[in-house]
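Here is the file data31.cif (mmCIF, C-alpha atoms).
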data_final
#
loop_
_atom_site.label_atom_id
_atom_site.label_comp_id
_atom_site.auth_asym_id
_atom_site.auth_seq_id
_atom_site.Cartn_x
_atom_site.Cartn_y
_atom_site.Cartn_z
CA MET A 1 134.69 -54.52 110.02
CA SER A 2 137.79 -52.75 108.73
CA SER A 3 136.76 -49.25 109.82
CA PRO A 4 134.06 -47.89 112.17
CA VAL A 5 133.58 -44.81 109.96
CA TRP A 6 130.16 -44.32 108.30
CA ARG A 7 131.04 -42.48 105.10
CA PRO A 8 128.93 -39.83 103.34
CA PHE A 9 127.17 -40.76 100.08
CA PHE A 10 128.81 -44.19 100.30
CA GLN A 11 127.10 -47.58 99.99
CA HIS A 12 129.16 -49.75 102.30
CA ALA A 13 127.59 -52.96 101.01
CA LEU A 14 128.92 -52.31 97.50
CA GLU A 15 132.11 -50.29 97.75
CA PRO A 16 135.54 -51.37 99.00
CA ASP A 17 137.20 -49.31 101.71
CA PRO A 18 138.69 -46.18 100.17
CA PRO A 19 142.43 -45.48 100.06
CA VAL A 20 144.01 -43.67 103.00
CA VAL A 21 145.32 -40.21 102.07
CA THR A 22 148.50 -39.26 103.92
CA ARG A 23 149.34 -35.95 102.24
CA ALA A 24 147.68 -33.28 100.14
CA GLU A 25 149.52 -30.71 98.09
CA GLY A 26 148.50 -28.65 95.10
CA ALA A 27 146.11 -30.71 92.97
CA TRP A 28 147.38 -34.04 94.28
CA LEU A 29 146.56 -36.48 97.08
CA THR A 30 149.19 -39.02 98.16
CA THR A 31 147.94 -42.34 99.52
CA ALA A 32 149.45 -44.64 102.12
CA ASP A 33 150.57 -47.11 99.47
CA GLY A 34 152.52 -44.40 97.66
CA GLY A 35 149.92 -43.76 94.98
CA ARG A 36 148.90 -40.33 93.73
CA LEU A 37 145.35 -39.17 93.03
CA LEU A 38 144.50 -36.08 90.97
CA ASP A 39 141.87 -34.24 93.01
CA ALA A 40 139.81 -33.25 89.98
CA ILE A 41 136.67 -32.75 92.08
CA SER A 42 138.49 -30.24 94.32
CA SER A 43 137.53 -32.31 97.36
CA TRP A 44 133.81 -31.77 96.71
CA TRP A 45 134.19 -28.36 95.02
CA VAL A 46 135.82 -26.67 98.00
CA THR A 47 139.52 -26.36 97.18
CA THR A 48 140.17 -23.24 95.10
CA HIS A 49 143.93 -22.62 95.24
CA GLY A 50 145.21 -26.16 95.60
CA HIS A 51 145.72 -28.03 98.84
CA ARG A 52 147.66 -26.45 101.69
CA HIS A 53 148.13 -23.01 100.18
CA PRO A 54 150.96 -21.54 102.29
CA ARG A 55 149.25 -18.22 102.95
CA ILE A 56 146.08 -19.86 104.28
CA THR A 57 147.89 -22.46 106.39
CA ALA A 58 150.09 -19.71 107.86
CA ALA A 59 147.00 -17.66 108.77
CA ILE A 60 145.51 -20.66 110.56
CA ARG A 61 148.74 -21.30 112.44
CA GLU A 62 148.96 -17.66 113.52
CA ALA A 63 145.32 -17.56 114.64
CA THR A 64 145.79 -20.58 116.89
CA GLU A 65 148.46 -18.69 118.82
CA SER A 66 145.86 -16.29 120.23
CA LEU A 67 142.33 -17.66 119.73
CA ASP A 68 140.24 -20.78 119.57
CA GLN A 69 136.43 -20.98 119.63
CA VAL A 70 134.64 -18.18 121.51
CA ILE A 71 130.91 -17.59 121.85
CA PHE A 72 129.83 -15.14 119.16
CA ALA A 73 126.48 -14.05 120.57
CA THR A 74 127.93 -11.86 123.33
CA VAL A 75 131.49 -11.08 122.19
CA THR A 76 133.21 -10.55 118.87
CA HIS A 77 136.74 -10.89 117.49
CA GLU A 78 138.89 -9.27 114.86
CA PRO A 79 138.97 -12.12 112.28
CA ALA A 80 135.15 -12.17 112.07
CA GLU A 81 134.89 -8.38 111.86
CA ARG A 82 137.59 -8.19 109.18
CA LEU A 83 136.05 -11.00 107.17
CA ALA A 84 132.61 -9.37 107.26
CA ARG A 85 134.09 -6.15 105.91
CA ASP A 86 135.94 -8.06 103.19
CA LEU A 87 132.86 -10.05 102.17
CA THR A 88 130.57 -7.04 101.90
CA ALA A 89 133.22 -5.30 99.79
CA LEU A 90 133.51 -8.26 97.40
CA ALA A 91 129.88 -9.36 97.22
CA PRO A 92 127.27 -8.00 94.81
CA GLN A 93 126.21 -4.47 95.68
CA GLY A 94 123.66 -4.02 98.43
CA LEU A 95 124.59 -7.00 100.58
CA THR A 96 125.57 -5.21 103.77
CA ARG A 97 125.16 -7.79 106.55
CA VAL A 98 127.00 -11.07 107.20
CA PHE A 99 125.65 -13.93 109.31
CA TYR A 100 128.10 -16.77 109.97
CA SER A 101 127.40 -20.49 110.13
CA ASP A 102 129.43 -23.60 109.36
CA SER A 103 128.34 -25.32 106.12
CA GLY A 104 126.48 -24.78 102.87
CA SER A 105 123.37 -26.46 104.23
CA THR A 106 123.28 -24.22 107.29
CA ALA A 107 123.88 -21.13 105.14
CA VAL A 108 120.72 -22.08 103.22
CA GLU A 109 118.77 -22.74 106.42
CA VAL A 110 119.78 -19.27 107.62
CA ALA A 111 118.69 -17.71 104.32
CA LEU A 112 115.24 -19.33 104.41
CA LYS A 113 114.70 -18.25 108.01
CA MET A 114 115.86 -14.71 107.22
CA ALA A 115 113.37 -14.39 104.37
CA LEU A 116 110.43 -15.78 106.33
CA GLY A 117 111.37 -13.78 109.42
CA ALA A 118 111.64 -10.54 107.47
CA ALA A 119 108.20 -11.05 105.93
CA ARG A 120 106.62 -11.92 109.27
CA ASN A 121 108.28 -9.06 111.15
CA ALA A 122 107.05 -6.66 108.47
CA GLY A 123 103.51 -7.84 109.21
CA ASP A 124 103.12 -9.65 105.88
CA LEU A 125 101.98 -12.97 107.35
CA LYS A 126 100.51 -14.09 104.03
CA ARG A 127 103.99 -14.38 102.51
CA SER A 128 104.98 -17.84 103.72
CA THR A 129 105.74 -19.76 100.51
CA ILE A 130 109.23 -20.55 99.23
CA VAL A 131 109.69 -21.09 95.49
CA ALA A 132 112.49 -23.37 94.27
CA MET A 133 113.66 -24.69 90.92
CA GLU A 134 113.08 -28.25 89.74
CA ASP A 135 116.19 -30.48 89.98
CA ALA A 136 117.79 -28.11 92.48
CA TYR A 137 120.07 -29.23 95.28
CA HIS A 138 120.62 -26.99 98.30
CA GLY A 139 122.00 -29.33 100.97
CA ASP A 140 121.08 -32.16 103.31
CA SER A 141 119.55 -30.53 106.38
CA ILE A 142 115.74 -30.40 106.65
CA GLY A 143 115.10 -26.97 105.17
CA ALA A 144 117.76 -27.40 102.50
CA MET A 145 116.30 -30.77 101.48
CA SER A 146 112.81 -29.26 101.41
CA VAL A 147 113.78 -26.69 98.78
CA GLY A 148 115.82 -29.24 96.84
CA GLU A 149 114.43 -31.71 94.32
CA ARG A 150 112.64 -34.65 95.89
CA GLY A 151 114.18 -38.00 94.96
CA VAL A 152 116.61 -40.67 96.02
CA PHE A 153 118.64 -38.26 98.18
CA ASN A 154 115.73 -37.46 100.48
CA ALA A 155 112.84 -39.89 99.86
CA PRO A 156 113.15 -41.60 103.29
CA TYR A 157 112.82 -38.25 105.03
CA GLU A 158 109.71 -37.01 103.22
CA PRO A 159 107.64 -36.78 106.45
CA LEU A 160 110.07 -34.15 107.75
CA LEU A 161 110.05 -31.90 104.69
CA PHE A 162 107.87 -28.84 104.16
CA ASP A 163 106.04 -28.05 100.93
CA VAL A 164 107.44 -25.55 98.45
CA ALA A 165 106.27 -24.24 95.08
CA ARG A 166 108.42 -25.20 92.10
CA ILE A 167 109.23 -23.67 88.77
CA PRO A 168 110.66 -25.67 85.86
CA PHE A 169 114.35 -25.59 85.03
CA PRO A 170 114.88 -22.97 82.26
CA ALA A 171 116.02 -25.43 79.61
CA ALA A 172 117.17 -24.04 76.25
CA GLY A 173 114.14 -22.87 74.31
CA ALA A 174 111.84 -23.12 77.32
CA GLU A 175 113.19 -20.26 79.42
CA GLN A 176 110.01 -18.18 79.12
CA ALA A 177 107.95 -20.98 80.67
CA THR A 178 110.13 -20.76 83.77
CA LEU A 179 109.78 -17.00 83.98
CA ASP A 180 106.01 -17.14 83.45
CA ALA A 181 105.65 -19.81 86.15
CA PHE A 182 107.56 -17.72 88.67
CA GLU A 183 105.64 -14.56 87.81
CA ARG A 184 102.29 -16.33 88.31
CA LEU A 185 103.37 -17.55 91.74
CA ALA A 186 104.95 -14.27 92.79
CA ARG A 187 101.92 -12.20 91.83
CA SER A 188 99.82 -14.17 94.31
CA ARG A 189 101.56 -12.13 97.03
CA GLU A 190 101.99 -15.33 99.04
CA VAL A 191 105.64 -15.92 98.13
CA ALA A 192 108.33 -14.88 100.58
CA ALA A 193 111.34 -15.87 98.49
CA LEU A 194 112.70 -17.62 95.42
CA ILE A 195 115.86 -19.67 95.97
CA VAL A 196 118.09 -20.57 93.03
CA GLU A 197 121.53 -21.88 92.24
CA PRO A 198 122.62 -19.08 89.91
CA LEU A 199 123.48 -20.18 86.34
CA VAL A 200 124.18 -23.86 87.04
CA LEU A 201 122.60 -26.66 89.02
CA GLY A 202 125.29 -28.63 90.83
CA ALA A 203 124.21 -32.04 92.14
CA GLY A 204 121.10 -31.72 89.96
CA GLY A 205 123.17 -32.61 86.92
CA MET A 206 125.40 -29.62 86.08
CA ARG A 207 122.55 -28.10 84.09
CA VAL A 208 123.38 -24.60 82.85
CA TYR A 209 121.05 -21.72 82.07
CA PRO A 210 121.90 -18.26 80.66
CA PRO A 211 122.55 -15.13 82.73
CA TRP A 212 119.62 -13.25 81.18
CA VAL A 213 117.22 -15.70 82.81
CA LEU A 214 118.67 -14.94 86.23
CA ALA A 215 118.36 -11.22 85.46
CA GLU A 216 114.69 -11.70 84.56
CA LEU A 217 114.03 -13.66 87.76
CA ARG A 218 115.53 -10.71 89.65
CA ARG A 219 113.26 -8.29 87.78
CA ILE A 220 110.13 -10.31 88.57
CA ALA A 221 111.16 -10.60 92.23
CA ASP A 222 111.61 -6.82 92.37
CA THR A 223 108.22 -6.05 90.84
CA THR A 224 106.38 -8.47 93.14
CA GLY A 225 108.14 -7.75 96.42
CA THR A 226 109.71 -11.20 96.56
CA PHE A 227 113.12 -11.87 98.06
CA LEU A 228 115.70 -13.54 95.80
CA ILE A 229 118.07 -15.99 97.50
CA ALA A 230 121.20 -16.91 95.53
CA ASP A 231 122.70 -20.19 96.74
CA GLU A 232 126.33 -19.56 95.71
CA VAL A 233 127.72 -22.34 97.90
CA MET A 234 128.86 -24.29 94.84
CA THR A 235 128.92 -21.52 92.22
CA GLY A 236 130.90 -18.99 94.25
CA TRP A 237 134.65 -18.46 94.45
CA GLY A 238 135.35 -18.76 90.74
CA ARG A 239 133.49 -21.98 89.92
CA THR A 240 131.62 -20.33 87.03
CA GLY A 241 134.45 -18.03 85.95
CA THR A 242 133.61 -14.98 88.08
CA LEU A 243 133.95 -14.62 91.83
CA PHE A 244 130.18 -15.04 92.19
CA ALA A 245 127.90 -16.32 89.43
CA CYS A 246 125.45 -13.45 90.01
CA GLU A 247 128.03 -11.07 88.55
CA GLN A 248 127.49 -12.55 85.09
CA ALA A 249 123.82 -11.53 85.22
CA GLY A 250 124.63 -8.11 86.62
CA ILE A 251 122.28 -8.64 89.57
CA SER A 252 122.37 -8.54 93.34
CA PRO A 253 120.27 -11.00 95.33
CA ASP A 254 118.56 -10.06 98.57
CA ILE A 255 120.33 -12.95 100.30
CA LEU A 256 123.49 -14.78 99.22
CA CYS A 257 124.77 -18.07 100.65
CA THR A 258 128.46 -18.91 100.51
CA SER A 259 130.64 -21.69 101.90
CA LYS A 260 132.92 -24.33 100.26
CA GLY A 261 135.62 -22.07 98.76
CA LEU A 262 135.14 -19.36 101.39
CA THR A 263 138.23 -20.55 103.26
CA GLY A 264 139.94 -21.82 100.14
CA GLY A 265 138.46 -25.18 101.06
CA VAL A 266 140.74 -25.63 104.06
CA VAL A 267 138.37 -25.54 107.07
CA PRO A 268 134.57 -25.37 107.41
CA LEU A 269 132.88 -21.98 107.39
CA ALA A 270 129.77 -20.48 105.81
CA ALA A 271 128.20 -17.06 105.58
CA THR A 272 124.78 -15.78 104.61
CA LEU A 273 124.82 -12.19 103.36
CA SER A 274 121.70 -10.02 103.35
CA THR A 275 120.52 -6.58 102.43
CA GLU A 276 120.03 -3.89 105.03
CA GLU A 277 116.26 -4.23 104.52
CA ILE A 278 116.26 -7.82 105.74
CA PHE A 279 118.51 -6.98 108.67
CA ALA A 280 116.34 -3.99 109.60
CA ALA A 281 113.24 -6.20 109.65
CA HIS A 282 114.81 -8.13 112.54
CA ARG A 283 116.18 -5.09 114.40
CA SER A 284 113.59 -4.05 116.93
CA HIS A 285 112.90 -3.10 120.55
CA ASP A 286 110.58 -6.11 120.45
CA ARG A 287 112.76 -9.11 121.33
CA ALA A 288 110.27 -11.42 119.61
CA LYS A 289 111.61 -10.08 116.29
CA THR A 290 115.16 -11.27 117.06
CA PHE A 291 116.74 -13.59 114.49
CA PHE A 292 116.78 -16.73 116.59
CA HIS A 293 119.52 -18.77 114.95
CA SER A 294 123.03 -19.85 115.84
CA SER A 295 125.39 -22.78 115.97
CA SER A 296 128.01 -23.56 118.58
CA TYR A 297 130.86 -22.77 116.20
CA THR A 298 129.42 -19.62 114.61
CA ALA A 299 132.26 -17.37 113.38
CA ASN A 300 135.02 -19.68 114.57
CA PRO A 301 138.08 -17.37 114.72
CA ILE A 302 140.46 -19.85 113.10
CA ALA A 303 138.08 -20.45 110.19
CA CYS A 304 137.54 -16.70 109.81
CA ALA A 305 141.30 -16.15 109.70
CA ALA A 306 141.55 -18.76 106.95
CA ALA A 307 138.80 -17.01 104.98
CA CYS A 308 140.54 -13.64 105.32
CA ALA A 309 143.71 -15.21 103.95
CA ASN A 310 141.72 -16.75 101.08
CA ILE A 311 140.38 -13.31 100.15
CA ALA A 312 143.90 -11.89 100.28
CA VAL A 313 144.98 -14.59 97.82
CA TRP A 314 142.13 -13.61 95.49
CA ARG A 315 143.10 -9.96 95.70
CA GLU A 316 146.86 -10.30 95.38
CA GLU A 317 147.45 -13.34 93.20
CA PRO A 318 146.29 -13.94 89.59
CA VAL A 319 143.47 -16.27 90.65
CA ALA A 320 141.07 -15.14 87.93
CA GLU A 321 143.60 -16.13 85.26
CA ARG A 322 144.18 -19.47 86.97
CA VAL A 323 140.45 -20.08 86.60
CA ALA A 324 140.32 -18.81 83.02
CA ALA A 325 143.22 -20.91 81.70
CA PRO A 326 141.72 -24.37 82.32
CA ALA A 327 138.32 -23.02 81.29
CA ARG A 328 139.75 -22.11 77.89
CA ALA A 329 141.39 -25.53 77.59
CA LEU A 330 138.15 -27.33 78.48
CA ALA A 331 136.17 -25.20 76.01
CA ALA A 332 138.69 -25.93 73.26
CA ARG A 333 138.40 -29.70 73.85
#

Kindly return the structure encoded in the file as structure tokens.
Amino acid sequence: MSSPVWRPFFQHALEPDPPVVTRAEGAWLTTADGGRLLDAISSWWVTTHGHRHPRITAAIREATESLDQVIFATVTHEPAERLARDLTALAPQGLTRVFYSDSGSTAVEVALKMALGAARNAGDLKRSTIVAMEDAYHGDSIGAMSVGERGVFNAPYEPLLFDVARIPFPAAGAEQATLDAFERLARSREVAALIVEPLVLGAGGMRVYPPWVLAELRRIADTTGTFLIADEVMTGWGRTGTLFACEQAGISPDILCTSKGLTGGVVPLAATLSTEEIFAAHRSHDRAKTFFHSSSYTANPIACAAACANIAVWREEPVAERVAAPARALAAR
């Protein structure tokens, strides 16, 4: 056994041990044997400004001089407060509350629990169904796998997964079938939320659908009292050309999940943003209506400082043009 590490998405019986990376800078990874690898997958779609952006690494270094992990249930800290203000200012209109977690999967788990909790706390116990899109991928924890497509990624864990309703992917020429399927489900008044990857399915095959479909899903959700969850873990932070993919449809979801590029891809952090309505459904003198969710590292101060620096880079450097330039080159080829 050359290494005791059990690697993610890696079949150890078939693959040789991977190269050891000793340095990361810009778009490049340097290996122990002196080789160079172009990180064209952005280290699993997380790195947005290149590796080791000086502003983000400096923010991390500065944060470690005064803070490390502190419990977030009973105290707060400036990096988390500042980041929440920054996120609500940048996010689609109407998302006023920020709940921190530590990965894309947990951001989705939080979103599902928020939607179900809001419906229950409002006394609408009938609304307990989640609707998801065929071929979707939302993560690898139990709830996230449940709303994702069933297949090779999660077949062994089927006994753990809960049932969801599914609508077909809005393939070109068949978009109306998707909208009709969602409207039929939503009008039953049993649906709490629809969760979608806006505009493009990631691990489901990079399948793209047009912004007007997302806008129509929002309209149907509005008319049926259904929450819309936008899983922007992969699509956020410029991956589709705008800061968030929802911007291209001109819509605001009720809940938005973000992670990956939130810190520029440097350290783990996630956030689930919600409307004031969903927050208010959990705010009560009845403690049973509390949102019972946390993780040990919720709102880690060092990660929050990195995310604040990432947002400063977006605001003060020509990041949008950096995204647009390779997009034009790819389109031309």

Next on the checklist: Here's the selection I'm unsure about, the PyMOL selection byres ((chain A and resi 146-153) around 6); applied to the file above, which residues does it give, as number ranges by chain?
Outcome noted: A: 132, 134-138, 143-145, 154-155, 161-162

Checklist entry - Within 8 Å of Asn300 of chain A, counting all atoms listed in the file, which residues qualify if same-chain residues fewer than 4 places away don't, as a list in words? => result Asp68, Gln69, Val70, Ala80, Leu269 and Cys304 of chain A

Just so the selection is clear, what residues does the PyMOL selection byres ((chain A and resi 85) around 12) cover here, as a CSV table (one decimal) with C-alpha atoms, in the coordinates of the input?
chain,number,residue,atom,x,y,z
A,78,GLU,CA,138.9,-9.3,114.9
A,79,PRO,CA,139.0,-12.1,112.3
A,80,ALA,CA,135.2,-12.2,112.1
A,81,GLU,CA,134.9,-8.4,111.9
A,82,ARG,CA,137.6,-8.2,109.2
A,83,LEU,CA,136.0,-11.0,107.2
A,84,ALA,CA,132.6,-9.4,107.3
A,86,ASP,CA,135.9,-8.1,103.2
A,87,LEU,CA,132.9,-10.0,102.2
A,88,THR,CA,130.6,-7.0,101.9
A,89,ALA,CA,133.2,-5.3,99.8
A,90,LEU,CA,133.5,-8.3,97.4
A,91,ALA,CA,129.9,-9.4,97.2
A,95,LEU,CA,124.6,-7.0,100.6
A,96,THR,CA,125.6,-5.2,103.8
A,97,ARG,CA,125.2,-7.8,106.6
A,98,VAL,CA,127.0,-11.1,107.2
A,99,PHE,CA,125.6,-13.9,109.3
A,273,LEU,CA,124.8,-12.2,103.4
A,304,CYS,CA,137.5,-16.7,109.8
A,307,ALA,CA,138.8,-17.0,105.0
A,308,CYS,CA,140.5,-13.6,105.3
A,311,ILE,CA,140.4,-13.3,100.2

All residues 8 Å or closer to Trp45 of chain A, only C-alpha atoms, same chain fewer than 5 positions away omitted, as a PDB file with C-alpha atoms, in the coordinates of the input:
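Output contents, as saved in out01.pdb:
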ATOM      1  CA  MET A 234     128.860 -24.290  94.840  1.00  0.00           C
ATOM      2  CA  LYS A 260     132.920 -24.330 100.260  1.00  0.00           C
ATOM      3  CA  GLY A 261     135.620 -22.070  98.760  1.00  0.00           C
TER       4      GLY A 261
END

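Take atom CA of Val267 of chain A and atom CA of Ser252 of chain A: the distance between them is 27.1 Å.
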
Item to check | Expected selection from the PyMOL selection byres ((chain A and resi 118-130) around 8), given as number ranges by chain | outcome: A: 114-117, 131-132, 147, 164-165, 189-195, 278-279, 281-282, 289

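With atom CA of Arg61 of chain A on one side and atom CA of Ala312 of chain A on the other, the separation reads 16.1 Å.
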
Next on the checklist: Please determine, counting all atoms listed in the file, which residue among A:Val20, A:Trp237, A:Glu183, A:Pro326 has the shortest atom-to-atom distance to Ala40 of chain A.
Outcome noted: A:Pro326

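If you look at atom CA of Ala249 of chain A and atom CA of Asp222 of chain A, they are 14.9 Å away from each other.
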
Using all atoms of segment 4-10 of chain A listed in the file and a margin of 6 Å per side, can you give the axis-aligned box centre and edge lengths in Å to one decimal, as AutoDock Vina command-line options?
--center_x 130.6 --center_y -43.9 --center_z 106.1 --size_x 18.9 --size_y 20.1 --size_z 24.1

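Using all atoms listed in the file, the shortest contact distance between Ala309 of chain A and any of A:Asp17, A:Asp102, A:Asp180, A:Glu62 is found at A:Glu62.
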